[in-house]
Every structure is written in structure tokens, then in C-alpha cells.
file start.cif (mmCIF, N, CA and C atoms)
data_model
loop_
_atom_site.label_atom_id
_atom_site.label_comp_id
_atom_site.auth_asym_id
_atom_site.auth_seq_id
_atom_site.Cartn_x
_atom_site.Cartn_y
_atom_site.Cartn_z
N MET W 1294 -39.78 172.62 92.00
CA MET W 1294 -39.98 171.77 93.15
C MET W 1294 -38.80 170.84 93.37
N ALA W 1295 -38.16 170.43 92.27
CA ALA W 1295 -37.03 169.52 92.39
C ALA W 1295 -35.86 170.20 93.09
N ASN W 1296 -35.68 171.51 92.89
CA ASN W 1296 -34.58 172.21 93.54
C ASN W 1296 -34.75 172.22 95.05
N VAL W 1297 -35.96 172.36 95.54
CA VAL W 1297 -36.22 172.33 96.98
C VAL W 1297 -35.89 170.95 97.53
N THR W 1298 -36.20 169.92 96.78
CA THR W 1298 -35.90 168.55 97.20
C THR W 1298 -34.39 168.35 97.30
N TYR W 1299 -33.64 168.87 96.32
CA TYR W 1299 -32.19 168.73 96.35
C TYR W 1299 -31.59 169.46 97.54
N VAL W 1300 -32.06 170.66 97.81
CA VAL W 1300 -31.54 171.44 98.94
C VAL W 1300 -31.89 170.75 100.25
N ALA W 1301 -33.10 170.25 100.39
CA ALA W 1301 -33.49 169.56 101.61
C ALA W 1301 -32.64 168.29 101.80
N SER W 1302 -32.41 167.57 100.74
CA SER W 1302 -31.58 166.37 100.80
C SER W 1302 -30.15 166.71 101.20
N ALA W 1303 -29.63 167.78 100.63
CA ALA W 1303 -28.27 168.19 100.96
C ALA W 1303 -28.17 168.63 102.42
N LEU W 1304 -29.17 169.36 102.90
CA LEU W 1304 -29.16 169.79 104.30
C LEU W 1304 -29.27 168.61 105.26
N LEU W 1305 -30.13 167.66 104.95
CA LEU W 1305 -30.25 166.47 105.80
C LEU W 1305 -28.97 165.65 105.79
N THR W 1306 -28.34 165.53 104.63
CA THR W 1306 -27.07 164.80 104.55
C THR W 1306 -26.00 165.52 105.36
N GLY W 1307 -25.94 166.84 105.26
CA GLY W 1307 -24.98 167.62 106.05
C GLY W 1307 -25.22 167.50 107.53
N LEU W 1308 -26.49 167.51 107.95
CA LEU W 1308 -26.82 167.35 109.36
C LEU W 1308 -26.42 165.97 109.86
N PHE W 1309 -26.70 164.95 109.07
CA PHE W 1309 -26.30 163.59 109.43
C PHE W 1309 -24.79 163.48 109.53
N LEU W 1310 -24.08 164.09 108.60
CA LEU W 1310 -22.62 164.08 108.62
C LEU W 1310 -22.08 164.79 109.86
N ALA W 1311 -22.69 165.90 110.25
CA ALA W 1311 -22.25 166.62 111.45
C ALA W 1311 -22.48 165.79 112.71
N VAL W 1312 -23.60 165.08 112.77
CA VAL W 1312 -23.89 164.22 113.93
C VAL W 1312 -22.88 163.08 114.01
N VAL W 1313 -22.59 162.46 112.88
CA VAL W 1313 -21.63 161.36 112.86
C VAL W 1313 -20.23 161.86 113.23
N ALA W 1314 -19.83 163.02 112.71
CA ALA W 1314 -18.51 163.58 113.03
C ALA W 1314 -18.43 163.91 114.52
N GLY W 1315 -19.49 164.46 115.09
CA GLY W 1315 -19.49 164.74 116.53
C GLY W 1315 -19.39 163.49 117.37
N ALA W 1316 -20.11 162.44 116.97
CA ALA W 1316 -20.05 161.18 117.71
C ALA W 1316 -18.66 160.56 117.62
N LEU W 1317 -18.06 160.61 116.43
CA LEU W 1317 -16.71 160.05 116.28
C LEU W 1317 -15.68 160.87 117.05
N ALA W 1318 -15.83 162.18 117.07
CA ALA W 1318 -14.90 163.01 117.83
C ALA W 1318 -15.02 162.71 119.32
N ARG W 1319 -16.22 162.46 119.77
CA ARG W 1319 -16.44 162.14 121.18
C ARG W 1319 -15.84 160.78 121.53
N LEU W 1320 -16.01 159.80 120.64
CA LEU W 1320 -15.43 158.49 120.87
C LEU W 1320 -13.91 158.51 120.75
N GLY W 1321 -13.39 159.35 119.88
CA GLY W 1321 -11.95 159.41 119.66
C GLY W 1321 -11.21 160.20 120.71
N ALA W 1322 -11.89 160.69 121.72
CA ALA W 1322 -11.23 161.47 122.77
C ALA W 1322 -10.31 160.61 123.62
N ARG W 1323 -10.52 159.31 123.62
CA ARG W 1323 -9.63 158.42 124.37
C ARG W 1323 -8.29 158.35 123.68
N ARG W 1324 -7.25 158.35 124.47
CA ARG W 1324 -5.90 158.23 123.92
C ARG W 1324 -5.33 156.87 124.30
N ILE W 1325 -4.71 156.25 123.33
CA ILE W 1325 -4.09 154.96 123.58
C ILE W 1325 -2.59 155.15 123.39
N ALA W 1326 -1.82 154.64 124.33
CA ALA W 1326 -0.37 154.77 124.24
C ALA W 1326 0.15 154.02 123.02
N PRO W 1327 1.10 154.61 122.31
CA PRO W 1327 1.65 153.91 121.14
C PRO W 1327 2.32 152.60 121.54
N THR W 1328 2.17 151.62 120.68
CA THR W 1328 2.80 150.32 120.91
C THR W 1328 3.84 150.08 119.84
N PRO W 1329 4.78 149.18 120.07
CA PRO W 1329 5.76 148.88 119.03
C PRO W 1329 5.08 148.30 117.79
N THR W 1330 5.67 148.51 116.66
CA THR W 1330 5.06 148.05 115.41
C THR W 1330 5.17 146.55 115.24
N GLY W 1331 6.11 145.91 115.88
CA GLY W 1331 6.23 144.46 115.79
C GLY W 1331 6.97 143.98 114.56
N ARG W 1332 7.57 144.88 113.80
CA ARG W 1332 8.32 144.47 112.62
C ARG W 1332 9.61 143.79 113.05
N PRO W 1333 9.97 142.70 112.41
CA PRO W 1333 11.21 142.02 112.77
C PRO W 1333 12.42 142.87 112.39
N GLU W 1334 13.43 142.82 113.23
CA GLU W 1334 14.65 143.56 112.94
C GLU W 1334 15.55 142.72 112.06
N ARG W 1335 16.31 143.39 111.20
CA ARG W 1335 17.21 142.65 110.32
C ARG W 1335 18.52 142.33 111.04
N ALA W 1336 18.90 143.13 112.00
CA ALA W 1336 20.12 142.85 112.75
C ALA W 1336 19.81 141.79 113.81
N GLY W 1337 20.82 141.07 114.24
CA GLY W 1337 20.62 140.10 115.30
C GLY W 1337 20.29 138.72 114.80
N GLY W 1338 20.45 138.45 113.51
CA GLY W 1338 20.28 137.11 113.01
C GLY W 1338 18.84 136.69 112.73
N LEU W 1339 17.88 137.63 112.71
CA LEU W 1339 16.50 137.25 112.41
C LEU W 1339 16.34 137.01 110.91
N ALA W 1340 15.42 136.18 110.55
CA ALA W 1340 15.18 135.85 109.14
C ALA W 1340 14.62 137.06 108.41
N SER W 1341 14.97 137.19 107.14
CA SER W 1341 14.46 138.29 106.34
C SER W 1341 13.01 138.03 105.98
N THR W 1342 12.30 139.10 105.63
CA THR W 1342 10.88 138.98 105.32
C THR W 1342 10.62 138.62 103.88
N GLY W 1343 11.63 138.66 103.01
CA GLY W 1343 11.43 138.38 101.60
C GLY W 1343 11.16 139.61 100.77
N TYR W 1344 10.95 140.73 101.41
CA TYR W 1344 10.68 141.99 100.72
C TYR W 1344 11.83 142.97 100.89
N ASP W 1345 13.01 142.47 101.18
CA ASP W 1345 14.14 143.35 101.46
C ASP W 1345 14.52 144.20 100.25
N ALA W 1346 14.52 143.62 99.06
CA ALA W 1346 14.89 144.37 97.86
C ALA W 1346 13.87 145.46 97.57
N LEU W 1347 12.59 145.13 97.66
CA LEU W 1347 11.54 146.12 97.42
C LEU W 1347 11.56 147.19 98.50
N ASP W 1348 11.76 146.78 99.74
CA ASP W 1348 11.82 147.73 100.84
C ASP W 1348 12.98 148.69 100.67
N GLY W 1349 14.12 148.17 100.24
CA GLY W 1349 15.27 149.03 100.00
C GLY W 1349 15.04 150.00 98.86
N LEU W 1350 14.35 149.55 97.82
CA LEU W 1350 14.07 150.40 96.68
C LEU W 1350 13.09 151.52 97.05
N VAL W 1351 12.09 151.19 97.83
CA VAL W 1351 11.07 152.17 98.21
C VAL W 1351 11.65 153.22 99.16
N ARG W 1352 12.62 152.85 99.95
CA ARG W 1352 13.20 153.79 100.91
C ARG W 1352 14.23 154.73 100.30
N LYS W 1353 14.58 154.55 99.02
CA LYS W 1353 15.56 155.43 98.38
C LYS W 1353 14.87 156.68 97.86
N GLN W 1354 15.49 157.81 98.10
CA GLN W 1354 14.94 159.07 97.65
C GLN W 1354 14.98 159.17 96.12
N THR W 1355 15.97 158.56 95.50
CA THR W 1355 16.09 158.60 94.05
C THR W 1355 14.89 157.95 93.37
N THR W 1356 14.37 156.87 93.95
CA THR W 1356 13.20 156.20 93.39
C THR W 1356 11.99 157.13 93.38
N TRP W 1357 11.79 157.83 94.47
CA TRP W 1357 10.64 158.73 94.57
C TRP W 1357 10.79 159.93 93.64
N VAL W 1358 12.02 160.45 93.51
CA VAL W 1358 12.24 161.58 92.60
C VAL W 1358 11.99 161.15 91.16
N ALA W 1359 12.49 159.98 90.77
CA ALA W 1359 12.28 159.48 89.42
C ALA W 1359 10.80 159.21 89.15
N GLY W 1360 10.09 158.64 90.12
CA GLY W 1360 8.65 158.40 89.96
C GLY W 1360 7.87 159.69 89.81
N PHE W 1361 8.20 160.70 90.61
CA PHE W 1361 7.51 161.98 90.49
C PHE W 1361 7.83 162.64 89.16
N PHE W 1362 9.08 162.52 88.71
CA PHE W 1362 9.46 163.10 87.42
C PHE W 1362 8.69 162.44 86.29
N LEU W 1363 8.59 161.12 86.30
CA LEU W 1363 7.84 160.41 85.25
C LEU W 1363 6.35 160.76 85.29
N PHE W 1364 5.79 160.88 86.49
CA PHE W 1364 4.38 161.26 86.64
C PHE W 1364 4.17 162.67 86.07
N THR W 1365 5.10 163.59 86.37
CA THR W 1365 4.98 164.96 85.86
C THR W 1365 5.10 164.98 84.34
N LEU W 1366 6.02 164.20 83.78
CA LEU W 1366 6.13 164.13 82.32
C LEU W 1366 4.85 163.59 81.69
N GLY W 1367 4.24 162.59 82.31
CA GLY W 1367 2.99 162.05 81.80
C GLY W 1367 1.87 163.08 81.83
N VAL W 1368 1.80 163.87 82.90
CA VAL W 1368 0.77 164.90 82.98
C VAL W 1368 1.01 165.99 81.94
N VAL W 1369 2.26 166.39 81.77
CA VAL W 1369 2.57 167.41 80.77
C VAL W 1369 2.24 166.90 79.37
N ALA W 1370 2.58 165.65 79.07
CA ALA W 1370 2.24 165.08 77.77
C ALA W 1370 0.73 165.01 77.57
N GLY W 1371 0.00 164.68 78.62
CA GLY W 1371 -1.46 164.65 78.53
C GLY W 1371 -2.05 166.03 78.29
N VAL W 1372 -1.50 167.04 78.94
CA VAL W 1372 -1.98 168.41 78.75
C VAL W 1372 -1.71 168.87 77.31
N ILE W 1373 -0.51 168.56 76.82
CA ILE W 1373 -0.19 168.94 75.44
C ILE W 1373 -1.11 168.23 74.46
N ALA W 1374 -1.36 166.95 74.66
CA ALA W 1374 -2.28 166.22 73.78
C ALA W 1374 -3.69 166.76 73.88
N PHE W 1375 -4.09 167.16 75.08
CA PHE W 1375 -5.42 167.71 75.28
C PHE W 1375 -5.58 169.04 74.55
N LEU W 1376 -4.54 169.87 74.60
CA LEU W 1376 -4.63 171.20 73.99
C LEU W 1376 -4.36 171.19 72.49
N GLN W 1377 -3.47 170.32 72.01
CA GLN W 1377 -3.04 170.36 70.62
C GLN W 1377 -3.72 169.33 69.73
N GLY W 1378 -4.23 168.25 70.32
CA GLY W 1378 -4.74 167.15 69.52
C GLY W 1378 -6.12 167.42 68.94
N ASP W 1379 -6.57 166.45 68.12
CA ASP W 1379 -7.92 166.56 67.57
C ASP W 1379 -8.93 166.19 68.66
N ALA W 1380 -10.19 166.11 68.29
CA ALA W 1380 -11.25 165.92 69.28
C ALA W 1380 -11.12 164.59 70.01
N SER W 1381 -10.84 163.51 69.30
CA SER W 1381 -10.76 162.20 69.97
C SER W 1381 -9.52 162.10 70.85
N ALA W 1382 -8.39 162.64 70.38
CA ALA W 1382 -7.17 162.61 71.20
C ALA W 1382 -7.34 163.51 72.42
N GLY W 1383 -7.99 164.65 72.24
CA GLY W 1383 -8.22 165.56 73.35
C GLY W 1383 -9.13 164.96 74.40
N ALA W 1384 -10.16 164.24 73.95
CA ALA W 1384 -11.07 163.60 74.90
C ALA W 1384 -10.37 162.49 75.67
N GLY W 1385 -9.55 161.71 74.97
CA GLY W 1385 -8.81 160.64 75.63
C GLY W 1385 -7.80 161.20 76.62
N ALA W 1386 -7.12 162.27 76.23
CA ALA W 1386 -6.14 162.89 77.13
C ALA W 1386 -6.84 163.51 78.34
N GLY W 1387 -7.98 164.14 78.12
CA GLY W 1387 -8.73 164.71 79.25
C GLY W 1387 -9.19 163.64 80.22
N LEU W 1388 -9.65 162.52 79.68
CA LEU W 1388 -10.06 161.41 80.54
C LEU W 1388 -8.87 160.85 81.30
N GLY W 1389 -7.73 160.72 80.63
CA GLY W 1389 -6.52 160.24 81.29
C GLY W 1389 -6.05 161.18 82.38
N LEU W 1390 -6.10 162.49 82.12
CA LEU W 1390 -5.71 163.47 83.14
C LEU W 1390 -6.65 163.44 84.34
N ALA W 1391 -7.95 163.33 84.08
CA ALA W 1391 -8.90 163.25 85.17
C ALA W 1391 -8.68 161.99 86.00
N GLY W 1392 -8.41 160.87 85.32
CA GLY W 1392 -8.12 159.62 86.03
C GLY W 1392 -6.85 159.71 86.85
N ALA W 1393 -5.80 160.32 86.29
CA ALA W 1393 -4.54 160.47 87.02
C ALA W 1393 -4.72 161.38 88.24
N GLY W 1394 -5.49 162.45 88.07
CA GLY W 1394 -5.75 163.33 89.21
C GLY W 1394 -6.55 162.65 90.30
N ALA W 1395 -7.56 161.89 89.90
CA ALA W 1395 -8.37 161.15 90.88
C ALA W 1395 -7.53 160.09 91.57
N LEU W 1396 -6.68 159.40 90.82
CA LEU W 1396 -5.81 158.38 91.40
C LEU W 1396 -4.82 159.00 92.38
N ALA W 1397 -4.27 160.16 92.03
CA ALA W 1397 -3.34 160.84 92.94
C ALA W 1397 -4.04 161.28 94.21
N LEU W 1398 -5.26 161.81 94.09
CA LEU W 1398 -6.01 162.25 95.27
C LEU W 1398 -6.35 161.08 96.19
N VAL W 1399 -6.87 160.01 95.61
CA VAL W 1399 -7.24 158.84 96.41
C VAL W 1399 -6.00 158.20 97.02
N GLY W 1400 -4.91 158.12 96.24
CA GLY W 1400 -3.68 157.55 96.78
C GLY W 1400 -3.13 158.36 97.92
N PHE W 1401 -3.11 159.69 97.77
CA PHE W 1401 -2.65 160.55 98.84
C PHE W 1401 -3.53 160.41 100.08
N LEU W 1402 -4.82 160.37 99.87
CA LEU W 1402 -5.75 160.25 100.98
C LEU W 1402 -5.58 158.92 101.72
N LEU W 1403 -5.56 157.82 100.98
CA LEU W 1403 -5.47 156.51 101.63
C LEU W 1403 -4.10 156.27 102.26
N PHE W 1404 -3.04 156.48 101.49
CA PHE W 1404 -1.70 156.22 102.03
C PHE W 1404 -1.32 157.22 103.11
N GLY W 1405 -1.71 158.47 102.93
CA GLY W 1405 -1.39 159.49 103.94
C GLY W 1405 -2.04 159.19 105.27
N THR W 1406 -3.32 158.86 105.24
CA THR W 1406 -3.99 158.54 106.50
C THR W 1406 -3.48 157.23 107.08
N TYR W 1407 -3.19 156.25 106.24
CA TYR W 1407 -2.68 154.97 106.73
C TYR W 1407 -1.36 155.16 107.47
N PHE W 1408 -0.39 155.83 106.84
CA PHE W 1408 0.91 155.98 107.46
C PHE W 1408 0.86 156.92 108.67
N THR W 1409 -0.03 157.90 108.65
CA THR W 1409 -0.17 158.78 109.81
C THR W 1409 -0.73 158.01 111.01
N VAL W 1410 -1.76 157.22 110.78
CA VAL W 1410 -2.35 156.45 111.87
C VAL W 1410 -1.37 155.40 112.38
N ARG W 1411 -0.66 154.74 111.48
CA ARG W 1411 0.34 153.73 111.89
C ARG W 1411 1.46 154.36 112.69
N SER W 1412 1.86 155.59 112.34
CA SER W 1412 2.95 156.24 113.06
C SER W 1412 2.53 156.67 114.46
N HIS W 1413 1.24 156.72 114.72
CA HIS W 1413 0.74 157.04 116.05
C HIS W 1413 0.47 155.80 116.88
N GLY W 1414 0.95 154.64 116.42
CA GLY W 1414 0.88 153.44 117.23
C GLY W 1414 -0.39 152.62 117.10
N ARG W 1415 -1.23 152.92 116.14
CA ARG W 1415 -2.46 152.15 115.96
C ARG W 1415 -2.20 150.93 115.10
N SER W 1416 -3.13 150.00 115.10
CA SER W 1416 -2.97 148.76 114.34
C SER W 1416 -3.25 149.00 112.86
N THR W 1417 -2.90 148.00 112.05
CA THR W 1417 -3.13 148.09 110.61
C THR W 1417 -4.62 148.19 110.29
N ALA W 1418 -5.43 147.41 110.99
CA ALA W 1418 -6.87 147.44 110.74
C ALA W 1418 -7.46 148.82 111.04
N GLU W 1419 -7.02 149.43 112.13
CA GLU W 1419 -7.50 150.77 112.44
C GLU W 1419 -7.05 151.78 111.40
N ALA W 1420 -5.81 151.64 110.93
CA ALA W 1420 -5.30 152.57 109.93
C ALA W 1420 -6.07 152.44 108.62
N ILE W 1421 -6.36 151.21 108.19
CA ILE W 1421 -7.13 151.01 106.97
C ILE W 1421 -8.55 151.54 107.16
N GLY W 1422 -9.12 151.32 108.33
CA GLY W 1422 -10.47 151.82 108.61
C GLY W 1422 -10.54 153.33 108.54
N VAL W 1423 -9.55 154.02 109.09
CA VAL W 1423 -9.54 155.48 109.05
C VAL W 1423 -9.38 155.97 107.61
N GLY W 1424 -8.52 155.30 106.84
CA GLY W 1424 -8.35 155.70 105.43
C GLY W 1424 -9.63 155.53 104.63
N LEU W 1425 -10.30 154.41 104.84
CA LEU W 1425 -11.57 154.19 104.12
C LEU W 1425 -12.66 155.13 104.59
N TRP W 1426 -12.64 155.46 105.89
CA TRP W 1426 -13.62 156.41 106.41
C TRP W 1426 -13.40 157.78 105.77
N ALA W 1427 -12.13 158.19 105.62
CA ALA W 1427 -11.83 159.47 104.98
C ALA W 1427 -12.25 159.46 103.52
N LEU W 1428 -12.04 158.34 102.83
CA LEU W 1428 -12.48 158.23 101.44
C LEU W 1428 -14.00 158.30 101.35
N GLY W 1429 -14.70 157.64 102.25
CA GLY W 1429 -16.16 157.71 102.27
C GLY W 1429 -16.65 159.11 102.55
N LEU W 1430 -15.97 159.82 103.44
CA LEU W 1430 -16.33 161.20 103.73
C LEU W 1430 -16.15 162.08 102.50
N LEU W 1431 -15.06 161.86 101.76
CA LEU W 1431 -14.84 162.60 100.53
C LEU W 1431 -15.95 162.33 99.51
N LEU W 1432 -16.38 161.08 99.40
CA LEU W 1432 -17.45 160.75 98.47
C LEU W 1432 -18.78 161.37 98.90
N VAL W 1433 -19.07 161.39 100.20
CA VAL W 1433 -20.30 162.02 100.69
C VAL W 1433 -20.28 163.51 100.40
N VAL W 1434 -19.15 164.16 100.59
CA VAL W 1434 -19.04 165.58 100.29
C VAL W 1434 -19.23 165.83 98.79
N ALA W 1435 -18.65 164.95 97.96
CA ALA W 1435 -18.81 165.11 96.51
C ALA W 1435 -20.28 164.96 96.09
N VAL W 1436 -20.98 164.00 96.69
CA VAL W 1436 -22.40 163.83 96.36
C VAL W 1436 -23.22 165.01 96.85
N ALA W 1437 -22.90 165.51 98.05
CA ALA W 1437 -23.63 166.66 98.58
C ALA W 1437 -23.40 167.91 97.70
N LEU W 1438 -22.17 168.12 97.25
CA LEU W 1438 -21.91 169.25 96.35
C LEU W 1438 -22.60 169.06 95.01
N ASN W 1439 -22.64 167.84 94.53
CA ASN W 1439 -23.33 167.55 93.28
C ASN W 1439 -24.83 167.85 93.41
N LEU W 1440 -25.40 167.52 94.55
CA LEU W 1440 -26.82 167.81 94.77
C LEU W 1440 -27.07 169.31 94.87
N LEU W 1441 -26.12 170.03 95.44
CA LEU W 1441 -26.31 171.47 95.59
C LEU W 1441 -26.20 172.22 94.27
N VAL W 1442 -25.29 171.81 93.42
CA VAL W 1442 -25.05 172.58 92.20
C VAL W 1442 -25.85 172.09 91.00
N SER W 1443 -26.52 170.95 91.12
CA SER W 1443 -27.26 170.46 89.95
C SER W 1443 -28.66 171.00 89.88
#
call {"tool": "encode", "arguments": {"input": "start.cif", "output": "C-alpha cells"}}
result
Amino acid sequence: MANVTYVASALLTGLFLAVVAGALARLGARRIAPTPTGRPERAGGLASTGYDALDGLVRKQTTWVAGFFLFTLGVVAGVIAFLQGDASAGAGAGLGLAGAGALALVGFLLFGTYFTVRSHGRSTAEAIGVGLWALGLLLVVAVALNLLVS
């Protein structure tokens, strides 16, 4: 009897999700012309924002390559510890790998949607809202799959 309850719950959640997605698609049909971002320019004598050093570092390709390389080394070290270590080291490495994967997924989801929405001329609040909505959608799908397979 519990399996029927899980399936019914999953179907109702999916139906609710489809209704919400349809309503949002209908509301999102309006197009708003992109507006300037409003960031101060550095040329022309305007005051700096105080984040010039960090901004310069983030915009360098070398920084991103080094960060990705270090992240990859950490994952490889975790996999080796997971496969070669004893039970406690393997469990810790597996937990660390799962956390790193979840962090990468959430970071990609939030930052990707934020920068995509901002590049289309929307405000910061709208971009954060879309990112959180996408994260919530991911969590609803995870719960629905958990209900289906349990």
C-alpha cells in the first residue's frame, strides 16, 4: 500500500510542477529590452570600486586554469584515497567527493543562471531569483525521484 502512496505523491508533485512551469512560461513570454548594467567605468576619472585587484584576478584565464587544475588534483586524490585506503579513509574520501560534486553542481547552477540572466539585461534580484528557482526545481526533482525509487 505504501508503494501506491509514493507513486500517487510523485504523480501529484509532477502535475503540480507542470502547472507551475506552464504558468511561469506564460508569464515569461513578455520581453523586456536589455538595460545598461550601471557599473561605473574605470576610464574617465571615476572612483574605483575597491575590488579592482580581485576583479583583475578573476578575469585572468590563468587563475581559472590553476583553480580547475587544483580542483582536479583534489578529486583525483580523493578517488585514490577512496579506492586504496582503509574503511574510514574510504568513507571520508567518498563523503568529500560527494560534497565536492554537489558543490560543483550547485555552483554551476547558481552562477550559470545568475550570469546568464544578468547578461540578458535583467536586474540582480531577478537573476538571484531565477538561480534559486532553478535550485528549488532541482531539489523537487530529486525528491520526486527519491519517492519513485524508494
call {"tool": "closest_atom_pairs", "arguments": {"input": "start.cif", "of": "segment 1333-1441 of chain W", "to": "segment 1300-1314 of chain W", "cutoff": "7 Å", "atoms": "only N, CA and C atoms", "output": "tab-separated table"}}
result
residue	atom	partner	partner_atom	distance
W:Ala1437	CA	W:Ala1303	CA	5.4
W:Leu1440	C	W:Val1300	N	5.9
W:Leu1441	N	W:Ala1303	CA	6.2
call {"tool": "atom_distance", "arguments": {"input": "start.cif", "atom1": "atom N of Leu1438 of chain W", "atom2": "atom N of Asn1296 of chain W"}}
result
14.6 Å
call {"tool": "residues_near_point", "arguments": {"input": "start.cif", "point": "(-5.4, 158.4, 112.0)", "cutoff": "7 Å", "atoms": "only C-alpha atoms", "output": "list in words"}}
result
Thr1406, Tyr1407, Thr1409, Val1410, Ala1420 and Val1423 of chain W
call {"tool": "select_by_dssp", "arguments": {"input": "start.cif", "residues": "chain W", "states": "alpha helix (DSSP H)", "output": "PyMOL selection string"}}
result
chain W and resi 1295-1320+1345-1351+1354-1377+1380-1412+1417-1442
call {"tool": "atom_distance", "arguments": {"input": "start.cif", "atom1": "atom N of Gly1387 of chain W", "atom2": "atom N of Ala1374 of chain W"}}
result
8.0 Å
